[in-house]
>>> print(open('entry-v1.cif').read())   # mmCIF, C-alpha atoms
data_data
loop_
_atom_site.group_PDB
_atom_site.id
_atom_site.type_symbol
_atom_site.label_atom_id
_atom_site.label_comp_id
_atom_site.auth_asym_id
_atom_site.auth_seq_id
_atom_site.Cartn_x
_atom_site.Cartn_y
_atom_site.Cartn_z
ATOM 1 C CA MET A 1400 -121.372 138.281 230.295
ATOM 2 C CA SER A 1401 -118.487 140.643 229.570
ATOM 3 C CA ASP A 1402 -117.624 144.327 229.242
ATOM 4 C CA VAL A 1403 -115.667 143.568 226.066
ATOM 5 C CA PRO A 1404 -117.312 144.729 222.802
ATOM 6 C CA ALA A 1405 -118.720 141.878 220.715
ATOM 7 C CA GLN A 1406 -116.008 140.223 218.657
ATOM 8 C CA ASN A 1407 -116.506 139.371 215.002
ATOM 9 C CA TYR A 1408 -115.410 135.738 214.864
ATOM 10 C CA THR A 1409 -115.962 133.411 211.930
ATOM 11 C CA GLU A 1410 -117.405 129.975 212.721
ATOM 12 C CA ARG A 1411 -113.941 128.480 212.233
ATOM 13 C CA GLU A 1412 -112.423 130.985 214.658
ATOM 14 C CA LYS A 1413 -115.107 130.215 217.248
ATOM 15 C CA TYR A 1414 -114.321 126.505 217.198
ATOM 16 C CA LYS A 1415 -110.590 127.198 217.268
ATOM 17 C CA ILE A 1416 -110.942 129.413 220.358
ATOM 18 C CA PHE A 1417 -113.195 126.846 221.990
ATOM 19 C CA ASP A 1418 -110.737 123.999 221.364
ATOM 20 C CA GLN A 1419 -107.487 125.844 222.044
ATOM 21 C CA GLU A 1420 -108.421 128.304 224.791
ATOM 22 C CA PHE A 1421 -111.448 126.807 226.570
ATOM 23 C CA MET A 1422 -111.051 123.022 226.505
ATOM 24 C CA PRO A 1423 -107.598 122.904 228.200
ATOM 25 C CA HIS A 1424 -109.287 124.123 231.401
ATOM 26 C CA ILE A 1425 -111.945 121.413 231.556
ATOM 27 C CA ASN A 1426 -110.290 119.498 234.410
ATOM 28 C CA SER A 1427 -109.985 122.615 236.564
ATOM 29 C CA MET A 1428 -113.565 123.445 235.698
ATOM 30 C CA TYR A 1429 -114.767 120.037 236.819
ATOM 31 C CA ASN A 1430 -112.794 120.229 240.069
ATOM 32 C CA PHE A 1431 -114.295 123.632 240.809
ATOM 33 C CA ALA A 1432 -117.786 122.435 239.926
ATOM 34 C CA PHE A 1433 -117.438 119.366 242.133
ATOM 35 C CA ARG A 1434 -116.265 121.464 245.088
ATOM 36 C CA LEU A 1435 -119.325 123.658 244.649
ATOM 37 C CA THR A 1436 -121.952 120.978 244.088
ATOM 38 C CA MET A 1437 -120.419 118.102 246.089
ATOM 39 C CA ASP A 1438 -121.990 115.746 243.564
ATOM 40 C CA GLU A 1439 -120.308 114.134 240.544
ATOM 41 C CA ASP A 1440 -123.351 114.173 238.279
ATOM 42 C CA GLU A 1441 -124.264 117.758 239.151
ATOM 43 C CA ALA A 1442 -120.650 118.798 238.618
ATOM 44 C CA LYS A 1443 -120.638 117.232 235.145
ATOM 45 C CA ASP A 1444 -123.933 118.919 234.299
ATOM 46 C CA LEU A 1445 -122.604 122.239 235.552
ATOM 47 C CA VAL A 1446 -119.454 121.968 233.452
ATOM 48 C CA GLN A 1447 -121.469 120.996 230.374
ATOM 49 C CA ASP A 1448 -123.822 123.932 230.945
ATOM 50 C CA THR A 1449 -120.833 126.241 231.370
ATOM 51 C CA TYR A 1450 -119.222 125.170 228.097
ATOM 52 C CA LEU A 1451 -122.519 125.490 226.234
ATOM 53 C CA LYS A 1452 -122.879 129.043 227.528
ATOM 54 C CA ALA A 1453 -119.223 129.759 226.766
ATOM 55 C CA PHE A 1454 -119.747 128.835 223.116
ATOM 56 C CA ARG A 1455 -123.057 130.675 222.957
ATOM 57 C CA PHE A 1456 -121.471 133.878 224.281
ATOM 58 C CA ILE A 1457 -118.054 133.382 222.692
ATOM 59 C CA THR A 1458 -118.269 136.718 220.884
ATOM 60 C CA SER A 1459 -118.046 138.441 224.276
ATOM 61 C CA PHE A 1460 -114.680 136.759 224.910
ATOM 62 C CA GLN A 1461 -111.605 138.586 223.674
ATOM 63 C CA LYS A 1462 -109.102 136.173 222.165
ATOM 64 C CA GLY A 1463 -105.823 136.009 224.064
ATOM 65 C CA THR A 1464 -107.233 137.192 227.400
ATOM 66 C CA ASN A 1465 -107.677 135.050 230.525
ATOM 67 C CA ALA A 1466 -109.965 132.290 229.286
ATOM 68 C CA LYS A 1467 -109.810 130.389 232.572
ATOM 69 C CA ALA A 1468 -111.080 133.329 234.625
ATOM 70 C CA TRP A 1469 -113.800 133.978 232.038
ATOM 71 C CA LEU A 1470 -114.965 130.367 232.186
ATOM 72 C CA PHE A 1471 -114.873 130.258 235.975
ATOM 73 C CA ARG A 1472 -117.091 133.326 236.108
ATOM 74 C CA ILE A 1473 -119.667 131.660 233.851
ATOM 75 C CA LEU A 1474 -119.554 128.499 235.959
ATOM 76 C CA LYS A 1475 -119.945 130.446 239.182
ATOM 77 C CA ASN A 1476 -122.928 132.365 237.814
ATOM 78 C CA SER A 1477 -124.526 129.160 236.544
ATOM 79 C CA PHE A 1478 -124.101 127.544 239.929
ATOM 80 C CA ILE A 1479 -125.670 130.478 241.734
ATOM 81 C CA ASN A 1480 -128.527 130.953 239.299
ATOM 82 C CA ASP A 1481 -129.440 127.373 238.477
ATOM 83 C CA TYR A 1482 -127.925 124.938 240.912
ATOM 84 C CA ARG A 1483 -127.891 126.585 244.305
ATOM 85 C CA LYS A 1484 -131.684 126.562 244.390
ATOM 86 C CA LYS A 1485 -131.670 122.783 243.999
ATOM 87 C CA SER A 1486 -128.591 121.960 246.060
ATOM 88 C CA LYS A 1487 -128.409 120.742 249.610
ATOM 89 C CA GLU A 1488 -126.233 123.668 250.631
ATOM 90 C CA PRO A 1489 -127.361 125.509 253.773
ATOM 91 C CA ALA A 1490 -128.608 129.062 253.443
ATOM 92 C CA LYS A 1491 -125.982 131.585 252.431
ATOM 93 C CA VAL A 1492 -123.865 132.648 255.360
ATOM 94 C CA ASP A 1493 -124.512 136.147 256.644
ATOM 95 C CA TYR A 1494 -120.951 137.339 257.109
ATOM 96 C CA GLN A 1495 -121.560 141.060 256.660
ATOM 97 C CA GLU A 1496 -120.586 141.686 260.267
ATOM 98 C CA VAL A 1497 -117.471 139.573 259.869
ATOM 99 C CA GLU A 1498 -116.397 141.413 256.738
ATOM 100 C CA THR A 1499 -117.051 144.767 258.362
ATOM 101 C CA PHE A 1500 -114.536 143.829 261.033
ATOM 102 C CA TYR A 1501 -111.951 142.446 258.629
ATOM 103 C CA ASN A 1502 -112.182 145.602 256.513
ATOM 104 C CA SER A 1503 -111.544 147.763 259.575
ATOM 105 C CA GLU A 1504 -108.275 149.323 260.668
ATOM 106 C CA GLU A 1505 -108.059 146.751 263.444
ATOM 107 C CA ALA A 1506 -107.820 144.017 260.857
ATOM 108 C CA GLU A 1507 -105.180 145.948 258.924
ATOM 109 C CA ALA A 1508 -102.999 145.899 262.012
ATOM 110 C CA ASP A 1509 -103.543 142.169 262.422
ATOM 111 C CA ASN A 1510 -101.194 139.644 260.849
ATOM 112 C CA ILE A 1511 -102.575 138.538 257.504
ATOM 113 C CA THR A 1512 -102.970 134.772 257.313
ATOM 114 C CA THR A 1513 -100.316 133.058 255.251
ATOM 115 C CA ASP A 1514 -101.093 131.654 251.837
ATOM 116 C CA LEU A 1515 -102.165 128.033 252.191
ATOM 117 C CA ARG A 1516 -99.886 127.119 249.318
ATOM 118 C CA VAL A 1517 -96.822 127.914 251.434
ATOM 119 C CA ASP A 1518 -98.250 126.870 254.796
ATOM 120 C CA ALA A 1519 -97.567 123.667 256.721
ATOM 121 C CA VAL A 1520 -101.044 122.622 255.622
ATOM 122 C CA GLN A 1521 -99.484 121.928 252.238
ATOM 123 C CA GLU A 1522 -97.844 118.865 253.784
ATOM 124 C CA MET A 1523 -101.134 117.502 255.073
ATOM 125 C CA ILE A 1524 -103.185 117.271 251.913
ATOM 126 C CA GLY A 1525 -105.534 114.334 252.321
ATOM 127 C CA ASP A 1526 -109.074 113.307 253.055
ATOM 128 C CA GLU A 1527 -109.249 115.268 256.306
ATOM 129 C CA VAL A 1528 -108.189 118.480 254.575
ATOM 130 C CA ALA A 1529 -110.653 117.887 251.754
ATOM 131 C CA ASN A 1530 -113.414 117.203 254.274
ATOM 132 C CA ALA A 1531 -112.555 120.364 256.199
ATOM 133 C CA LEU A 1532 -112.647 122.424 253.011
ATOM 134 C CA ASN A 1533 -115.917 120.842 251.925
ATOM 135 C CA SER A 1534 -117.499 121.601 255.299
ATOM 136 C CA LEU A 1535 -117.058 125.349 254.805
ATOM 137 C CA ALA A 1536 -120.000 127.397 253.565
ATOM 138 C CA VAL A 1537 -119.891 127.593 249.772
ATOM 139 C CA ASP A 1538 -118.936 131.302 249.737
ATOM 140 C CA PHE A 1539 -115.878 130.679 251.908
ATOM 141 C CA ARG A 1540 -115.024 127.428 250.122
ATOM 142 C CA THR A 1541 -115.095 129.194 246.766
ATOM 143 C CA VAL A 1542 -112.507 131.856 247.608
ATOM 144 C CA ILE A 1543 -110.057 129.263 248.925
ATOM 145 C CA ILE A 1544 -110.497 127.157 245.786
ATOM 146 C CA LEU A 1545 -110.001 130.141 243.488
ATOM 147 C CA CYS A 1546 -106.959 131.538 245.305
ATOM 148 C CA ASP A 1547 -105.120 128.690 246.974
ATOM 149 C CA ILE A 1548 -105.928 125.846 244.589
ATOM 150 C CA GLU A 1549 -106.454 127.534 241.211
ATOM 151 C CA GLY A 1550 -104.040 130.417 241.794
ATOM 152 C CA PHE A 1551 -106.226 133.324 240.695
ATOM 153 C CA THR A 1552 -105.176 136.843 241.712
ATOM 154 C CA TYR A 1553 -107.405 139.012 243.903
ATOM 155 C CA GLU A 1554 -108.280 141.075 240.830
ATOM 156 C CA GLU A 1555 -109.309 137.988 238.854
ATOM 157 C CA MET A 1556 -111.309 136.668 241.807
ATOM 158 C CA ALA A 1557 -113.135 139.978 242.133
ATOM 159 C CA LYS A 1558 -114.235 139.698 238.496
ATOM 160 C CA ILE A 1559 -115.219 136.040 238.800
ATOM 161 C CA LEU A 1560 -117.245 136.622 241.959
ATOM 162 C CA ASP A 1561 -118.541 140.098 241.051
ATOM 163 C CA ILE A 1562 -117.426 141.585 244.368
ATOM 164 C CA PRO A 1563 -114.926 144.331 245.338
ATOM 165 C CA ILE A 1564 -111.287 143.371 245.904
ATOM 166 C CA GLY A 1565 -111.611 144.430 249.542
ATOM 167 C CA THR A 1566 -114.393 141.905 250.001
ATOM 168 C CA VAL A 1567 -112.265 139.225 248.323
ATOM 169 C CA ARG A 1568 -109.444 139.900 250.797
ATOM 170 C CA SER A 1569 -111.678 139.893 253.879
ATOM 171 C CA ARG A 1570 -113.625 136.829 252.796
ATOM 172 C CA LEU A 1571 -110.431 134.913 252.023
ATOM 173 C CA HIS A 1572 -108.911 135.952 255.356
ATOM 174 C CA ARG A 1573 -111.962 134.685 257.201
ATOM 175 C CA ALA A 1574 -112.196 131.502 255.120
ATOM 176 C CA ARG A 1575 -108.569 130.579 255.786
ATOM 177 C CA ASN A 1576 -109.024 131.121 259.505
ATOM 178 C CA LEU A 1577 -112.141 128.946 259.520
ATOM 179 C CA LEU A 1578 -110.341 126.219 257.594
ATOM 180 C CA LYS A 1579 -107.332 126.314 259.896
ATOM 181 C CA GLU A 1580 -109.568 126.002 262.935
ATOM 182 C CA LYS A 1581 -111.083 122.871 261.431
ATOM 183 C CA LEU A 1582 -107.621 121.509 260.678
ATOM 184 C CA LYS A 1583 -106.174 122.041 264.169
ATOM 185 C CA VAL A 1584 -107.302 118.704 265.538
ATOM 186 C CA TYR A 1585 -106.109 116.903 262.426
ATOM 187 C CA ALA A 1586 -102.768 118.718 262.556
ATOM 188 C CA LYS A 1587 -102.237 117.646 266.171
ATOM 189 C CA ASN A 1588 -103.129 114.078 265.283
ATOM 190 C CA MET A 1589 -100.515 114.226 262.530
ATOM 191 C CA GLY A 1590 -97.959 115.417 265.079
ATOM 192 C CA TYR A 1591 -97.657 119.028 263.985
ATOM 193 C CA ASN A 1592 -96.863 121.841 266.401
ATOM 194 C CA GLU A 1593 -98.357 125.333 266.147
ATOM 195 C CA ASP A 1594 -95.239 126.474 264.244
ATOM 196 C CA GLY A 1595 -95.570 123.721 261.652
ATOM 197 C CA THR A 1596 -92.743 121.540 262.965
ATOM 198 C CA ASN A 1597 -93.316 117.866 263.624
ATOM 199 C CA HIS A 1598 -93.240 116.192 267.027
ATOM 200 C CA ALA A 1599 -91.814 113.038 265.494
ATOM 201 C CA ASN A 1600 -88.892 114.937 263.999
ATOM 202 C CA GLU A 1601 -88.155 116.588 267.326
ATOM 203 C CA GLU A 1602 -88.077 113.212 269.072
ATOM 204 C CA ASP A 1603 -85.539 111.914 266.568
ATOM 205 C CA ILE A 1604 -83.159 114.782 267.287
#
>>> encode(input="entry-v1.cif", output="structure tokens")
Amino acid sequence: MSDVPAQNYTEREKYKIFDQEFMPHINSMYNFAFRLTMDEDEAKDLVQDTYLKAFRFITSFQKGTNAKAWLFRILKNSFINDYRKKSKEPAKVDYQEVETFYNSEEAEADNITTDLRVDAVQEMIGDEVANALNSLAVDFRTVIILCDIEGFTYEEMAKILDIPIGTVRSRLHRARNLLKEKLKVYAKNMGYNEDGTNHANEEDI
């Protein structure tokens, strides 16, 4: 569960950590769980299972460290181990070849995709964007949620997902490109140009 040596917490300290450091993240946890399971009941069950495990293994959590990242890692592992087998998700995408390319020197020379938080996509948040995100394979969907919605760093994401930082970068790069491809039609329908400007605004000038 963690590389941190077991902590000696009293029962009172355990409940205090649980209430003050774990519970404030319950909404983010549910949102993440729902994006993974695509089902409200399964998301609730996943969050409940995560918090039960968090309390059970609380001695492996070091007080004052990143509780949110620690909880997200437990949730992700629970989803993979317990829920993926029962979910309606398609088989895991084989993107080894894709990642090999994006880890290559050719990819280094390529322009890195912009962060979705500062992209024109930020202005188009709605059902179409949510549907496009939900249509991505769970592995690609997860990295976008962790980085662009929850704001985790590459280092934190690597720990949550148990993968190297290089893989985080390449997977996120690919996921953003896939998402943007799905959003192109919607963007055009909304009147956006390739550069993010709006046709309607141009016509008013």
>>> resolve_selection(input="entry-v1.cif", expression="the PyMOL selection byres ((chain A and resi 1549) around 12)", output="number ranges by chain")
A: 1424, 1426-1428, 1430-1431, 1467-1468, 1471, 1515-1516, 1541-1548, 1550-1553, 1555-1556
>>> resolve_selection(input="entry-v1.cif", expression="the PyMOL selection byres ((chain A and resi 1439-1447) around 12)", output="number ranges by chain")
A: 1421-1422, 1424-1438, 1448-1454, 1470-1483, 1485-1487
>>> residues_around(input="entry-v1.cif", residues="Ala1574 (chain A)", least_positions_apart="5", cutoff="10 Å", atoms="all atoms listed in the file", output="list in words")
Leu1532, Leu1535, Ala1536, Asp1538, Phe1539, Arg1540, Thr1541, Val1542, Ile1543, Arg1568, Ser1569, Lys1579 and Glu1580 of chain A
>>> write_last_selection(input="entry-v1.cif", atoms="C-alpha atoms", output="mmCIF file, keeping the file's coordinate frame")
data_model
loop_
_atom_site.group_PDB
_atom_site.id
_atom_site.type_symbol
_atom_site.label_atom_id
_atom_site.label_comp_id
_atom_site.auth_asym_id
_atom_site.auth_seq_id
_atom_site.Cartn_x
_atom_site.Cartn_y
_atom_site.Cartn_z
ATOM 1 C CA LEU A 1532 -112.647 122.424 253.011
ATOM 2 C CA LEU A 1535 -117.058 125.349 254.805
ATOM 3 C CA ALA A 1536 -120.000 127.397 253.565
ATOM 4 C CA ASP A 1538 -118.936 131.302 249.737
ATOM 5 C CA PHE A 1539 -115.878 130.679 251.908
ATOM 6 C CA ARG A 1540 -115.024 127.428 250.122
ATOM 7 C CA THR A 1541 -115.095 129.194 246.766
ATOM 8 C CA VAL A 1542 -112.507 131.856 247.608
ATOM 9 C CA ILE A 1543 -110.057 129.263 248.925
ATOM 10 C CA ARG A 1568 -109.444 139.900 250.797
ATOM 11 C CA SER A 1569 -111.678 139.893 253.879
ATOM 12 C CA LYS A 1579 -107.332 126.314 259.896
ATOM 13 C CA GLU A 1580 -109.568 126.002 262.935
#
>>> atom_distance(input="entry-v1.cif", atom1="CA of Leu1578 (chain A)", atom2="CA of Trp1469 (chain A)")
26.9 Å
>>> atom_distance(input="entry-v1.cif", atom1="CA of Val1537 (chain A)", atom2="CA of Pro1563 (chain A)")
18.0 Å
>>> build_atoms(input="entry-v1.cif", residues="region 1417-1428 of chain A", atoms="all heavy atoms", output="short mmCIF file (atom, residue, chain, number, x, y, z; two decimals), in the frame of the given file")
data_model
loop_
_atom_site.label_atom_id
_atom_site.label_comp_id
_atom_site.auth_asym_id
_atom_site.auth_seq_id
_atom_site.Cartn_x
_atom_site.Cartn_y
_atom_site.Cartn_z
N PHE A 1417 -112.58 127.80 221.07
CA PHE A 1417 -113.20 126.85 221.99
C PHE A 1417 -112.23 125.68 222.27
O PHE A 1417 -112.04 125.30 223.43
CB PHE A 1417 -114.49 126.31 221.38
CG PHE A 1417 -115.32 125.50 222.34
CD1 PHE A 1417 -116.24 126.11 223.18
CD2 PHE A 1417 -115.18 124.12 222.40
CE1 PHE A 1417 -117.01 125.36 224.07
CE2 PHE A 1417 -115.94 123.36 223.28
CZ PHE A 1417 -116.86 123.99 224.12
N ASP A 1418 -111.63 125.16 221.22
CA ASP A 1418 -110.74 124.00 221.36
C ASP A 1418 -109.40 124.37 222.01
O ASP A 1418 -108.90 123.63 222.86
CB ASP A 1418 -110.46 123.36 220.00
CG ASP A 1418 -111.68 122.64 219.45
OD1 ASP A 1418 -112.56 122.26 220.26
OD2 ASP A 1418 -111.77 122.48 218.22
N GLN A 1419 -108.84 125.50 221.61
CA GLN A 1419 -107.49 125.84 222.04
C GLN A 1419 -107.44 126.64 223.35
O GLN A 1419 -106.47 126.53 224.10
CB GLN A 1419 -106.76 126.61 220.94
CG GLN A 1419 -106.53 125.79 219.68
CD GLN A 1419 -105.74 126.54 218.62
OE1 GLN A 1419 -105.38 127.71 218.79
NE2 GLN A 1419 -105.48 125.87 217.51
N GLU A 1420 -108.46 127.45 223.61
CA GLU A 1420 -108.42 128.30 224.79
C GLU A 1420 -109.37 127.88 225.90
O GLU A 1420 -109.12 128.15 227.08
CB GLU A 1420 -108.70 129.76 224.40
CG GLU A 1420 -107.70 130.32 223.39
CD GLU A 1420 -107.62 131.83 223.44
OE1 GLU A 1420 -107.65 132.41 224.53
OE2 GLU A 1420 -107.54 132.43 222.35
N PHE A 1421 -110.47 127.21 225.56
CA PHE A 1421 -111.45 126.81 226.57
C PHE A 1421 -111.26 125.37 227.06
O PHE A 1421 -111.23 125.11 228.26
CB PHE A 1421 -112.87 126.96 226.02
CG PHE A 1421 -113.30 128.37 225.75
CD1 PHE A 1421 -114.52 128.64 225.14
CD2 PHE A 1421 -112.49 129.44 226.09
CE1 PHE A 1421 -114.92 129.94 224.89
CE2 PHE A 1421 -112.88 130.76 225.83
CZ PHE A 1421 -114.10 131.00 225.22
N MET A 1422 -111.10 124.44 226.14
CA MET A 1422 -111.05 123.02 226.50
C MET A 1422 -109.88 122.63 227.42
O MET A 1422 -110.03 121.74 228.26
CB MET A 1422 -111.05 122.15 225.24
CG MET A 1422 -112.37 122.15 224.50
SD MET A 1422 -113.78 121.70 225.55
CE MET A 1422 -113.37 120.00 225.97
N PRO A 1423 -108.71 123.27 227.30
CA PRO A 1423 -107.60 122.90 228.20
C PRO A 1423 -107.92 123.09 229.69
O PRO A 1423 -107.23 122.51 230.53
CB PRO A 1423 -106.46 123.84 227.76
CG PRO A 1423 -106.74 124.12 226.32
CD PRO A 1423 -108.25 124.22 226.25
N HIS A 1424 -108.95 123.85 230.00
CA HIS A 1424 -109.29 124.12 231.40
C HIS A 1424 -110.40 123.22 231.94
O HIS A 1424 -110.87 123.42 233.06
CB HIS A 1424 -109.72 125.58 231.55
CG HIS A 1424 -108.69 126.57 231.11
ND1 HIS A 1424 -107.45 126.67 231.71
CD2 HIS A 1424 -108.69 127.49 230.10
CE1 HIS A 1424 -106.74 127.61 231.10
NE2 HIS A 1424 -107.47 128.12 230.13
N ILE A 1425 -110.77 122.21 231.17
CA ILE A 1425 -111.94 121.41 231.56
C ILE A 1425 -111.74 120.66 232.87
O ILE A 1425 -112.68 120.52 233.67
CB ILE A 1425 -112.35 120.44 230.42
CG1 ILE A 1425 -113.74 119.86 230.70
CG2 ILE A 1425 -111.29 119.36 230.23
CD1 ILE A 1425 -114.36 119.17 229.50
N ASN A 1426 -110.53 120.21 233.15
CA ASN A 1426 -110.29 119.50 234.41
C ASN A 1426 -110.41 120.43 235.61
O ASN A 1426 -111.02 120.07 236.63
CB ASN A 1426 -108.91 118.84 234.40
CG ASN A 1426 -108.84 117.65 233.48
OD1 ASN A 1426 -109.86 117.01 233.19
ND2 ASN A 1426 -107.66 117.33 232.98
N SER A 1427 -109.86 121.63 235.49
CA SER A 1427 -109.98 122.62 236.56
C SER A 1427 -111.44 123.01 236.75
O SER A 1427 -111.90 123.21 237.88
CB SER A 1427 -109.15 123.86 236.25
OG SER A 1427 -107.78 123.57 236.30
N MET A 1428 -112.15 123.09 235.64
CA MET A 1428 -113.56 123.44 235.70
C MET A 1428 -114.36 122.38 236.44
O MET A 1428 -115.22 122.68 237.28
CB MET A 1428 -114.12 123.60 234.28
CG MET A 1428 -113.50 124.75 233.50
SD MET A 1428 -114.09 126.34 234.07
CE MET A 1428 -115.74 126.32 233.40
#
